[in-house]
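Trainee: Sharing a structure here in structure tokens format.
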Amino acid sequence: MENKGGKRLAPSGGAEKEPRTAPVSEPAPAEQPAPETASEPAAQPAAEASAEAAPQKSKARKLWDDYGYMLVTLAVVFVVFKVLLQLAYVPSGSMETTIPTKTLLIGWRLPFVVSDPVPERGDIVTFWDEEMQRVLVKRVIGLPGETVSFRDGYTYIDGQKLDESYLPTQGITQCANTFAVPEGCIFVMGDNRTGSNDSRFLSQPYIPVDAIQGHMLAAISIGSQQSWQGVRWIG
């Protein structure tokens, strides 16, 4: 059937045709991760990997890491007090009041370890006494080649009166003998002239220079009954 305008009309009784649509494409499947292969091991934690990479310490190295500082400390102490310094203890009052009874002394040892220097007059030294079989602490009075004598409670060196201002009391040094100090030896006395067993009374009065162990520098007196307390330089 045609209308007046000449256009063909769709038949009224027929079903309407569905509009044609563009074909819808199927969504592309999501990319799947590549399966792990046997040749690619799983990643390990960083700490575990570094632990496996570090070399294993030997027992000796572990002991050194743990206790090496103790060995170093002991070595330093040994060198200090066997080569450089000396610790000495004065149990008696033979050096009163310069050094009180029961006093700890610190001395300079090194020169007497590496050689046998002659100390100066007035130095306080330690030495090994064969007669008493122990270390003694005394003051150097006579040097090699000198003559030591006594008169009216005073000490004389080669006939010259010795200035002993370090003594607590003057004019109390008693001895009837005269001593000619041989080469390589010294003559010593304690500052407590009435209570010191020294070169005046020893059967071997002359102390070999090579028997000297140290030159005392400081005294530490901390007892409650000492003649003085504290630390004093005595060198």
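Chain lettering (A, B, ...) mirrors the order of the structure tokens, residue numbering begins at 1 for each chain separately, and ligand numbering begins at 1 in order of display.
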Contacts of Ser115 in chain A at 12 Å or less, counting only C-alpha atoms, minus same-chain residues fewer than 2 places along, as an NGL selection string?
Mentor: :A and (83 or 109-113 or 117-119 or 209-214)
Trainee: Can I get the selection written as a PDB file, in the first residue's frame, with N, CA and C atoms?
Mentor:
```pdb
ATOM      1  N   VAL A  83     107.128  -2.781  84.141  1.00  0.00           N
ATOM      2  CA  VAL A  83     108.141  -2.115  83.327  1.00  0.00           C
ATOM      3  C   VAL A  83     108.198  -0.620  83.623  1.00  0.00           C
ATOM      4  N   ARG A 109     109.929   2.835  87.627  1.00  0.00           N
ATOM      5  CA  ARG A 109     110.746   1.643  87.515  1.00  0.00           C
ATOM      6  C   ARG A 109     111.575   1.585  86.226  1.00  0.00           C
ATOM      7  N   LEU A 110     111.070   2.181  85.151  1.00  0.00           N
ATOM      8  CA  LEU A 110     111.638   1.969  83.820  1.00  0.00           C
ATOM      9  C   LEU A 110     113.156   2.141  83.745  1.00  0.00           C
ATOM     10  N   PRO A 111     113.761   3.213  84.281  1.00  0.00           N
ATOM     11  CA  PRO A 111     115.219   3.363  84.146  1.00  0.00           C
ATOM     12  C   PRO A 111     116.000   2.196  84.733  1.00  0.00           C
ATOM     13  N   PHE A 112     115.464   1.592  85.800  1.00  0.00           N
ATOM     14  CA  PHE A 112     116.177   0.506  86.464  1.00  0.00           C
ATOM     15  C   PHE A 112     115.884  -0.850  85.820  1.00  0.00           C
ATOM     16  N   VAL A 113     114.909  -0.879  84.906  1.00  0.00           N
ATOM     17  CA  VAL A 113     114.635  -2.099  84.138  1.00  0.00           C
ATOM     18  C   VAL A 113     115.547  -2.178  82.932  1.00  0.00           C
ATOM     19  N   PRO A 117     121.084   2.864  86.425  1.00  0.00           N
ATOM     20  CA  PRO A 117     121.557   4.227  86.695  1.00  0.00           C
ATOM     21  C   PRO A 117     121.810   4.440  88.186  1.00  0.00           C
ATOM     22  N   VAL A 118     122.778   5.289  88.500  1.00  0.00           N
ATOM     23  CA  VAL A 118     123.041   5.646  89.893  1.00  0.00           C
ATOM     24  C   VAL A 118     122.046   6.722  90.303  1.00  0.00           C
ATOM     25  N   PRO A 119     121.251   6.488  91.339  1.00  0.00           N
ATOM     26  CA  PRO A 119     120.274   7.504  91.758  1.00  0.00           C
ATOM     27  C   PRO A 119     120.971   8.719  92.353  1.00  0.00           C
ATOM     28  N   VAL A 209     124.039  -1.050  93.008  1.00  0.00           N
ATOM     29  CA  VAL A 209     123.143  -0.256  92.171  1.00  0.00           C
ATOM     30  C   VAL A 209     122.202  -1.151  91.378  1.00  0.00           C
ATOM     31  N   ASP A 210     122.687  -2.319  90.947  1.00  0.00           N
ATOM     32  CA  ASP A 210     121.829  -3.204  90.153  1.00  0.00           C
ATOM     33  C   ASP A 210     120.755  -3.888  90.978  1.00  0.00           C
ATOM     34  N   ALA A 211     120.761  -3.689  92.320  1.00  0.00           N
ATOM     35  CA  ALA A 211     119.687  -4.229  93.168  1.00  0.00           C
ATOM     36  C   ALA A 211     118.531  -3.258  93.314  1.00  0.00           C
ATOM     37  N   ILE A 212     118.716  -2.010  92.857  1.00  0.00           N
ATOM     38  CA  ILE A 212     117.652  -1.001  92.976  1.00  0.00           C
ATOM     39  C   ILE A 212     116.529  -1.329  92.007  1.00  0.00           C
ATOM     40  N   GLN A 213     115.305  -1.259  92.489  1.00  0.00           N
ATOM     41  CA  GLN A 213     114.131  -1.602  91.677  1.00  0.00           C
ATOM     42  C   GLN A 213     113.366  -0.383  91.180  1.00  0.00           C
ATOM     43  N   GLY A 214     113.374   0.701  91.940  1.00  0.00           N
ATOM     44  CA  GLY A 214     112.602   1.858  91.507  1.00  0.00           C
ATOM     45  C   GLY A 214     112.885   3.086  92.347  1.00  0.00           C
TER      46      GLY A 214
END
```
Trainee: Set out as a tab-separated table a contact list for range 65-163 of chain A and range 185-192 of chain A with a cut-off of 8 Å, giving each residue of range 65-163 of chain A that qualifies its closest atom pair and distance in Å to one decimal, counting only C-alpha atoms, ordered by chain and rising residue number.
Mentor:
```
residue	atom	partner	partner_atom	distance
A:Gly93	CA	A:Asn192	CA	7.1
A:Ser94	CA	A:Asn192	CA	5.1
A:Met95	CA	A:Asp191	CA	4.6
A:Glu96	CA	A:Asn192	CA	5.3
A:Thr97	CA	A:Asn192	CA	7.2
A:Thr98	CA	A:Asp191	CA	7.0
A:Val137	CA	A:Gly190	CA	7.8
A:Lys138	CA	A:Gly190	CA	5.1
A:Arg139	CA	A:Val188	CA	5.4
A:Val140	CA	A:Val188	CA	4.6
A:Ile141	CA	A:Val188	CA	5.2
A:Gly142	CA	A:Phe187	CA	4.5
A:Leu143	CA	A:Ile186	CA	4.9
A:Pro144	CA	A:Cys185	CA	5.5
```
Trainee: If you count only C-alpha atoms, which residues fall within 6 Å of range 102-106 of chain A, apart from same-chain ones fewer than 6 positions away, as a list in words?
Mentor: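 My list of contacting residues is Gln86, Leu87, Ala88, Tyr89, Val90, Pro91, Met216, Leu217, Ala218, Ala219, Ile220 and Ser221 of chain A.
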Trainee: What lies within 7 Å of range 155-168 of chain A using only C-alpha atoms, ignoring chain neighbours under 3 positions off, as a list in words?
Mentor: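 Using only C-alpha atoms, the neighbours found are Thr97, Glu146, Thr147, Val148, Ser149, Phe150, Arg151, Thr173 and Asp191 of chain A.
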Trainee: Hey, can you check how far CA of Gly235 in chain A sits from CA of Asp129 in chain A?
Mentor: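 Computed distance, CA of Gly235 in chain A to CA of Asp129 in chain A, equals 21.4 Å.
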Trainee: Between CA of Arg193 in chain A and CA of Tyr154 in chain A, what is the spacing in Å?
Mentor: 10.6 Å
